[in-house]
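Chemist: Attaching a single structure in structure tokens format; questions to follow.
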Amino acid sequence: MLEAWVSLVFTALMLLGSPGPACLALAAVGATSGVKKGIPFLLGILSGLSIVITLTAFGLAALFEHYPYAKLICESIGALYILYLAYKMASAPALSNDNDIDAPVFKEGFILNLLNPKIYASFLAVFAQFLFLIKP
């Protein structure tokens with residue numbers, strides 16, 4: 001049983017450390033706006049992540065299995081939002097010396113992680129694999 005818990009923790013840490021849209025967006029915000037201005041964005045990302053973990057832990061997989069179109073809709077909205085963010089980053093003006101760039105706020109980080117398909121896929125896989133750990 002201890003082996004399973006260690007494996008779960010290690011898997012979760014590897015998933016959280018792998019680069020995805022949120023990690024890359026946060027790195028871009030830190031590079032363009034500085035760490036201090038990126039903190040609200042980070043807090044939004046972490047809040048969105050906690051919601052996703054909660055949803056997946058309480059059976060989002062079952063919901064998507066019964067309503068496959070709901071999964072398709074969520075994936076499509078997430079992909080469109082990530083493409084929108086990529087466009088915003090690609091079309092952003094060049095850095096200037098005055099560092100007067102508007103950093104993304106809490107809401108944008110929250111939405112980014114809430115609509116991030118990688119997060120759902122990762123945690124659905126993790127929770128499905130380690131489901132026996134939470135059974136009584």
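Labels used: A, B, ... for chains in the order of the structure tokens, numbers from 1 for residues in each chain, and numbers from 1 for ligands as shown.
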Tell me, as a PDB file with C-alpha atoms, in the first residue's frame, which residues lie within 12 Å of range 47-51 of chain A, counting only C-alpha atoms; anything in the same chain fewer than 4 positions away does not count.

Modeler:
```pdb
ATOM      1  CA  LEU A  15       2.503  15.751 -14.081  1.00  0.00           C
ATOM      2  CA  LEU A  16       2.540  19.058 -12.238  1.00  0.00           C
ATOM      3  CA  ALA A  22      -0.229  27.253 -18.000  1.00  0.00           C
ATOM      4  CA  CYS A  23       3.480  26.756 -17.276  1.00  0.00           C
ATOM      5  CA  PRO A  40      -2.248  37.005  -9.380  1.00  0.00           C
ATOM      6  CA  PHE A  41      -1.983  34.981 -12.601  1.00  0.00           C
ATOM      7  CA  LEU A  42      -0.220  32.171 -10.706  1.00  0.00           C
ATOM      8  CA  LEU A  43      -2.912  32.191  -8.008  1.00  0.00           C
ATOM      9  CA  LEU A  55     -13.916  17.630 -10.537  1.00  0.00           C
ATOM     10  CA  THR A  56     -11.836  14.709 -11.745  1.00  0.00           C
ATOM     11  CA  ALA A  57     -11.706  13.135  -8.306  1.00  0.00           C
ATOM     12  CA  PHE A  58     -15.504  13.230  -8.053  1.00  0.00           C
ATOM     13  CA  LEU A  60     -15.964  13.823 -14.300  1.00  0.00           C
ATOM     14  CA  PHE A 106      -6.297  36.034 -11.567  1.00  0.00           C
ATOM     15  CA  LYS A 107      -9.342  35.446 -13.781  1.00  0.00           C
ATOM     16  CA  GLU A 108      -7.244  34.705 -16.854  1.00  0.00           C
ATOM     17  CA  GLY A 109      -5.081  32.180 -15.009  1.00  0.00           C
ATOM     18  CA  PHE A 110      -8.154  30.539 -13.526  1.00  0.00           C
ATOM     19  CA  ILE A 111      -9.853  30.186 -16.914  1.00  0.00           C
ATOM     20  CA  LEU A 112      -6.642  28.942 -18.531  1.00  0.00           C
ATOM     21  CA  ASN A 113      -6.324  26.001 -16.175  1.00  0.00           C
ATOM     22  CA  LEU A 114     -10.054  25.370 -15.965  1.00  0.00           C
ATOM     23  CA  LEU A 115     -10.184  24.915 -19.759  1.00  0.00           C
ATOM     24  CA  ASN A 116      -6.849  23.144 -20.126  1.00  0.00           C
ATOM     25  CA  PRO A 117      -7.478  19.688 -21.626  1.00  0.00           C
ATOM     26  CA  LYS A 118      -4.025  18.419 -20.555  1.00  0.00           C
ATOM     27  CA  ILE A 119      -4.919  18.839 -16.893  1.00  0.00           C
ATOM     28  CA  TYR A 120      -8.152  16.882 -17.202  1.00  0.00           C
ATOM     29  CA  SER A 122      -3.628  13.853 -16.722  1.00  0.00           C
ATOM     30  CA  PHE A 123      -5.683  13.742 -13.563  1.00  0.00           C
TER      31      PHE A 123
END
```

Chemist: If you run DSSP on the backbone here, which positions in chain A get alpha helix (DSSP H)? Please write them as a PyMOL selection string.

Modeler: chain A and resi 2-17+21-33+35-57+60-66+68-90+106-114+117-129

Chemist: What lies within 8 Å of Gly38 in chain A using only C-alpha atoms, ignoring chain neighbours under 5 positions off, as a ChimeraX atom specification?

Modeler: /A:26,29-30,33,103-105

Chemist: Would you list the contacts of range 61-65 of chain A as an MDAnalysis selection string, taking every protein, DNA or RNA residue within 12 Å and counting only C-alpha atoms, but skipping same-chain residues closer than 3 positions in sequence?

Modeler: chainID A and resid 52:58 68:75 120:128

Chemist: Please produce a file of the residues just selected, as a CSV table (one decimal), in the first residue's frame, where the atoms kept are C-alpha atoms.

Modeler:
```
chain,number,residue,atom,x,y,z
A,52,VAL,CA,-10.0,20.5,-11.9
A,53,ILE,CA,-8.5,18.1,-9.4
A,54,THR,CA,-11.8,18.2,-7.4
A,55,LEU,CA,-13.9,17.6,-10.5
A,56,THR,CA,-11.8,14.7,-11.7
A,57,ALA,CA,-11.7,13.1,-8.3
A,58,PHE,CA,-15.5,13.2,-8.1
A,68,PRO,CA,-19.6,12.3,-24.9
A,69,TYR,CA,-20.6,15.6,-26.4
A,70,ALA,CA,-19.9,17.3,-23.1
A,71,LYS,CA,-16.3,16.1,-23.3
A,72,LEU,CA,-16.1,17.3,-26.9
A,73,ILE,CA,-17.5,20.7,-26.0
A,74,CYS,CA,-15.1,21.1,-23.0
A,75,GLU,CA,-12.1,20.1,-25.1
A,120,TYR,CA,-8.2,16.9,-17.2
A,121,ALA,CA,-6.5,14.1,-19.2
A,122,SER,CA,-3.6,13.9,-16.7
A,123,PHE,CA,-5.7,13.7,-13.6
A,124,LEU,CA,-8.3,11.4,-15.0
A,125,ALA,CA,-5.5,9.0,-15.8
A,126,VAL,CA,-3.9,9.4,-12.4
A,127,PHE,CA,-7.2,9.0,-10.5
A,128,ALA,CA,-8.3,6.0,-12.6
```

Chemist: Could you tell me how far CA of Ala28 in chain A sits from CA of Ala86 in chain A, in Å to one decimal place?

Modeler: 10.8 Å

Chemist: For CA of Ala27 in chain A and CA of Met14 in chain A, quote the distance in Å rounded to one decimal.

Modeler: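 Separation of CA of Ala27 in chain A and CA of Met14 in chain A: 18.0 Å.
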
Chemist: Using CA of Ile39 in chain A and CA of Asp102 in chain A as the two end points, give the distance in Å to one decimal.

Modeler: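 It comes out at 12.9 Å.
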
Chemist: So, counting only C-alpha atoms, which residue among A:Ser7, A:Gly44, A:His66, A:Ile82 is closest to Gly20 in chain A?

Modeler: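 Ranking A:Ser7, A:Gly44, A:His66, A:Ile82 by distance to Gly20 in chain A, first place goes to A:Ile82.
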